[in-house]
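Student: My structure is below; once you've seen it, I'll send some questions.
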Amino acid sequence: MSTENLNGSLETSFQNTIAIVQFGHPASNSFPRSLLDALTAEINALSRNENVSVIILKSEGAKAFCSGASFDELLLVENEEQGVEFFSGFAHLLNAMRNCNKLIIGRVQGKAVGGGVGIISACDYVFATPESDIKLSELAIGIGPFVIEPAVSRKIGKTAMTAMTLAPNEWKSAEWAFQKGLYSVLSTADNLDLDVENYAQKMSFYNPEALYEMKKIIWEGTEQWESLLFERAAITGKLVLSDFSRNALLQFKK
């Protein structure tokens with residue numbers, strides 16, 4: 001499947017039973033709602049595809065992995081309903097990744113902010129480079145990482161999540177993220193693709209039923225996300241309408 005337009009791009013290719021899903025957007029691989037929906041639909045489709053055993057999730061380019069929500073689209077939100085609808089896009093995506101019956105391997109080549117950190121947290125195994133610093137900048141724009149918090153806390157713990165959230169202008173290094181468990185492996189930029197490919201190939205040779213049963217165990221205790229993430233989207237959807245958020249977003253756009 002391949003789509004490309006002003007709202008970003010999404011392309012899926014296959015290497016035997018390995019599906020490689022690549023998303024992209026000119027604004028540092030940020031996510032407008034349409035791209036969130038497209039990626040969610042693709043993860044759901046691949047979960048149902050009996051010819052796929054493993055999914056690699058990556059973004060285009062050599063710089064940022066993902067800068068989170070589209071600021072342009074956030075500035076267009078005019079009421080609480082639209083705000084909730086937008087942030088529900090991340091809720092749908094995280095739940096799709098959680099419920100996917102295939103292992104999702106993250107390939108992170110660069111920095112990630114906000115929702116991008118949430119997406120990394122929802123991957124089952126992640127390869128990153130030393131350039132893959134992370135930041136939760138939401139407080140700086142008057143909201144918080146409410147929707148992605150369960151995914152981030154599950155991966156790195158409440159204490160580390162708090163350290164990131166309450167320092168919204170501070171980058172945490174890739175080494176820090178690796179030590180906290182967000183990244184499974186740190187690779188050099190030159191070796192990243194080969195390391196990801198070799199690992200995916202190894203996983204593709206294992207019994208898919210065993211991998212699925214293992215994934216269910218990995219994600220035990222997250223069943224409440226079906227409602228929790230949308231409750232969190234409602235909080236964010238309300239806050240993004242505040243004068244503080246509107247002014248902060250305009251400042252970031254300058």
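If you're wondering about the labels, chains in the structure tokens are A, B, ... by order shown, residues count from 1 in each chain, ligands from 1 in order shown.
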Please provide the set of residues having any atom within 10 Å of range 207-221 of chain A, restricted to only C-alpha atoms, with same-chain residues fewer than 5 positions apart removed, written as number ranges by chain.

Tutor: A: 50, 52-54, 98-104, 122, 124, 154

Student: Extract the full set of helix (DSSP H, G or I) residues from range 112-178 of chain A according to DSSP on the backbone, and format it as a tab-separated table (two decimals) with N, CA and C atoms, in the first residue's frame.

Tutor:
```tsv
chain	number	residue	atom	x	y	z
A	115	GLY	N	4.32	12.77	20.62
A	115	GLY	CA	3.68	11.58	20.09
A	115	GLY	C	4.64	10.60	19.45
A	116	GLY	N	5.76	11.10	18.94
A	116	GLY	CA	6.77	10.21	18.37
A	116	GLY	C	7.35	9.29	19.42
A	117	VAL	N	7.52	9.81	20.65
A	117	VAL	CA	8.01	8.97	21.75
A	117	VAL	C	6.95	7.93	22.11
A	118	GLY	N	5.68	8.32	22.02
A	118	GLY	CA	4.60	7.38	22.28
A	118	GLY	C	4.59	6.24	21.29
A	119	ILE	N	4.80	6.55	20.02
A	119	ILE	CA	4.82	5.52	18.98
A	119	ILE	C	5.98	4.56	19.21
A	120	ILE	N	7.15	5.10	19.55
A	120	ILE	CA	8.30	4.24	19.85
A	120	ILE	C	7.97	3.33	21.03
A	121	SER	N	7.31	3.88	22.04
A	121	SER	CA	6.97	3.11	23.24
A	121	SER	C	6.02	1.96	22.93
A	138	GLU	N	5.20	18.58	25.69
A	138	GLU	CA	3.80	19.00	25.72
A	138	GLU	C	3.49	20.12	26.70
A	139	LEU	N	4.08	20.09	27.90
A	139	LEU	CA	3.80	21.15	28.87
A	139	LEU	C	4.17	22.53	28.34
A	140	ALA	N	5.17	22.57	27.47
A	140	ALA	CA	5.62	23.85	26.91
A	140	ALA	C	4.57	24.48	26.00
A	141	ILE	N	3.63	23.67	25.51
A	141	ILE	CA	2.56	24.22	24.67
A	141	ILE	C	1.21	24.14	25.37
A	149	GLU	N	1.04	8.78	27.67
A	149	GLU	CA	1.66	8.47	28.97
A	149	GLU	C	1.61	7.00	29.35
A	150	PRO	N	0.47	6.30	29.18
A	150	PRO	CA	0.46	4.89	29.55
A	150	PRO	C	1.50	4.07	28.78
A	151	ALA	N	1.69	4.39	27.50
A	151	ALA	CA	2.67	3.66	26.71
A	151	ALA	C	4.09	3.97	27.15
A	152	VAL	N	4.36	5.26	27.41
A	152	VAL	CA	5.70	5.66	27.82
A	152	VAL	C	6.02	5.11	29.21
A	153	SER	N	5.09	5.23	30.15
A	153	SER	CA	5.32	4.75	31.51
A	153	SER	C	5.49	3.24	31.54
A	154	ARG	N	4.74	2.55	30.70
A	154	ARG	CA	4.88	1.09	30.64
A	154	ARG	C	6.28	0.69	30.21
A	155	LYS	N	6.89	1.49	29.32
A	155	LYS	CA	8.19	1.14	28.77
A	155	LYS	C	9.35	1.60	29.65
A	156	ILE	N	9.28	2.80	30.20
A	156	ILE	CA	10.44	3.33	30.94
A	156	ILE	C	10.15	3.58	32.41
A	158	LYS	N	7.27	5.12	35.57
A	158	LYS	CA	6.63	6.39	35.93
A	158	LYS	C	7.66	7.47	36.27
A	159	THR	N	8.73	7.06	36.96
A	159	THR	CA	9.72	8.04	37.39
A	159	THR	C	10.43	8.68	36.20
A	160	ALA	N	10.85	7.87	35.25
A	160	ALA	CA	11.53	8.40	34.06
A	160	ALA	C	10.57	9.21	33.21
A	161	MET	N	9.32	8.76	33.10
A	161	MET	CA	8.32	9.53	32.35
A	161	MET	C	8.13	10.90	32.99
A	162	THR	N	8.07	10.93	34.31
A	162	THR	CA	7.91	12.20	35.03
A	162	THR	C	9.10	13.12	34.79
A	163	ALA	N	10.30	12.55	34.81
A	163	ALA	CA	11.51	13.34	34.58
A	163	ALA	C	11.47	14.00	33.21
A	164	MET	N	10.94	13.31	32.22
A	164	MET	CA	10.82	13.88	30.88
A	164	MET	C	9.72	14.93	30.82
A	165	THR	N	8.56	14.59	31.37
A	165	THR	CA	7.40	15.47	31.27
A	165	THR	C	7.63	16.81	31.95
A	174	ALA	N	19.92	9.49	23.63
A	174	ALA	CA	19.60	8.13	23.20
A	174	ALA	C	20.14	7.11	24.18
A	175	GLU	N	21.30	7.39	24.75
A	175	GLU	CA	21.87	6.49	25.75
A	175	GLU	C	20.97	6.42	26.97
A	176	TRP	N	20.43	7.57	27.40
A	176	TRP	CA	19.48	7.60	28.52
A	176	TRP	C	18.27	6.75	28.20
A	177	ALA	N	17.73	6.91	26.99
A	177	ALA	CA	16.55	6.14	26.57
A	177	ALA	C	16.84	4.65	26.51
A	178	PHE	N	18.04	4.31	26.10
A	178	PHE	CA	18.46	2.90	26.07
A	178	PHE	C	18.55	2.34	27.49
```

Student: Nearest residue to Ser47 in chain A out of A:Ile148, A:Met97, A:Leu192, A:Leu250, using only C-alpha atoms?

Tutor: A:Met97

Student: For the atom pair CA of Gly110 in chain A and CA of Ile43 in chain A, what is the interatomic distance in Å to one decimal place?

Tutor: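 Separating CA of Gly110 in chain A from CA of Ile43 in chain A is a distance of 22.1 Å.
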
Student: Suppose you want the space between CA of Arg246 in chain A and CA of Leu74 in chain A; what is it in Å?

Tutor: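 That distance, rounded to one decimal, is 8.8 Å.
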
Student: Go ahead and compute the interatomic distance for CA of Trp171 in chain A and CA of Gly157 in chain A, in Å to one decimal.

Tutor: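 Going from CA of Trp171 in chain A over to CA of Gly157 in chain A covers 17.5 Å.
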
Student: Using only C-alpha atoms, which protein or nucleic acid residues come within 10 Å of Phe90 in chain A? Drop anything in the same chain fewer than 3 positions from it, and give the result as an MDAnalysis selection string.

Tutor: chainID A and resid 31 33 36:37 40 68:69 85:87 93:96 115:116 118:119 147:148 229:230 233

Student: Extract, using only C-alpha atoms, all DNA, RNA and protein residues at most 10 Å from Ser184 in chain A, discarding same-chain residues fewer than 4 positions from it, and format them as a list of chain:residue names.

Tutor: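 The filter keeps A:Ile105, A:Gly106, A:Asp124, A:Tyr125, A:Val126, A:Phe127, A:Ala128, A:Ala177, A:Phe178, A:Gln179, A:Lys180.
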
Student: Taking N, CA and C atoms for each residue, export the selection above as a short mmCIF file (atom, residue, chain, number, x, y, z; two decimals), in the first residue's frame.

Tutor:
```cif
data_model
loop_
_atom_site.label_atom_id
_atom_site.label_comp_id
_atom_site.auth_asym_id
_atom_site.auth_seq_id
_atom_site.Cartn_x
_atom_site.Cartn_y
_atom_site.Cartn_z
N ILE A 105 8.70 -4.00 15.13
CA ILE A 105 10.08 -3.60 15.38
C ILE A 105 10.24 -2.15 14.97
N GLY A 106 10.63 -1.29 15.90
CA GLY A 106 10.84 0.12 15.58
C GLY A 106 12.24 0.38 15.08
N ASP A 124 7.36 -3.19 19.96
CA ASP A 124 7.74 -4.30 20.82
C ASP A 124 9.25 -4.42 21.01
N TYR A 125 10.01 -3.96 20.04
CA TYR A 125 11.48 -4.04 20.09
C TYR A 125 11.99 -2.91 19.22
N VAL A 126 12.96 -2.15 19.72
CA VAL A 126 13.35 -0.92 19.03
C VAL A 126 14.86 -0.82 18.85
N PHE A 127 15.25 -0.54 17.61
CA PHE A 127 16.64 -0.22 17.28
C PHE A 127 16.73 1.29 17.07
N ALA A 128 17.77 1.91 17.62
CA ALA A 128 17.94 3.35 17.49
C ALA A 128 19.42 3.68 17.31
N ALA A 177 17.73 6.91 26.99
CA ALA A 177 16.55 6.14 26.57
C ALA A 177 16.84 4.65 26.51
N PHE A 178 18.04 4.31 26.10
CA PHE A 178 18.46 2.90 26.07
C PHE A 178 18.55 2.34 27.49
N GLN A 179 19.16 3.10 28.38
CA GLN A 179 19.30 2.64 29.77
C GLN A 179 17.94 2.48 30.45
N LYS A 180 16.96 3.31 30.06
CA LYS A 180 15.63 3.25 30.67
C LYS A 180 14.76 2.16 30.03
#
```

Student: Run DSSP on the backbone and give me the residues of range 4-181 of chain A it puts in strand (DSSP E or B), as a ChimeraX atom specification.

Tutor: /A:4-5,8-15,18-24,31,54-59,66,69,103-108,112-113,125-128,134-135,172

Student: What's around Asp193 in chain A at 12 Å? Count only C-alpha atoms, leave out sequence neighbours fewer than 6 positions away in its own chain, and write the answer as number ranges by chain.

Tutor: A: 20, 56-58, 62, 105-109, 126-129, 186-187, 199-200

Student: What would the file look like if the residues just selected were written as a tab-separated table (two decimals), in the first residue's frame with C-alpha atoms?

Tutor:
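Saved file result_1.tsv follows:
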```
chain	number	residue	atom	x	y	z
A	20	ILE	CA	8.16	-2.64	6.19
A	56	ILE	CA	9.19	-3.00	10.78
A	57	LEU	CA	8.02	0.57	11.49
A	58	LYS	CA	10.24	3.38	10.25
A	62	ALA	CA	17.94	10.61	7.86
A	105	ILE	CA	10.08	-3.60	15.38
A	106	GLY	CA	10.84	0.12	15.58
A	107	ARG	CA	13.65	1.60	13.48
A	108	VAL	CA	14.56	5.00	14.93
A	109	GLN	CA	17.17	7.01	13.03
A	126	VAL	CA	13.35	-0.92	19.03
A	127	PHE	CA	16.64	-0.22	17.28
A	128	ALA	CA	17.94	3.35	17.49
A	129	THR	CA	21.06	5.39	16.77
A	186	LEU	CA	21.70	1.15	19.96
A	187	SER	CA	23.21	0.84	16.48
A	199	TYR	CA	16.79	-9.17	13.58
A	200	ALA	CA	13.51	-9.12	11.63
```

Student: With distances taken over only C-alpha atoms, which residue among A:Trp225, A:Pro168, A:Gln201, A:Ser132 lies nearest Thr188 in chain A?

Tutor: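 Closest to Thr188 in chain A, using only C-alpha atoms: A:Ser132.
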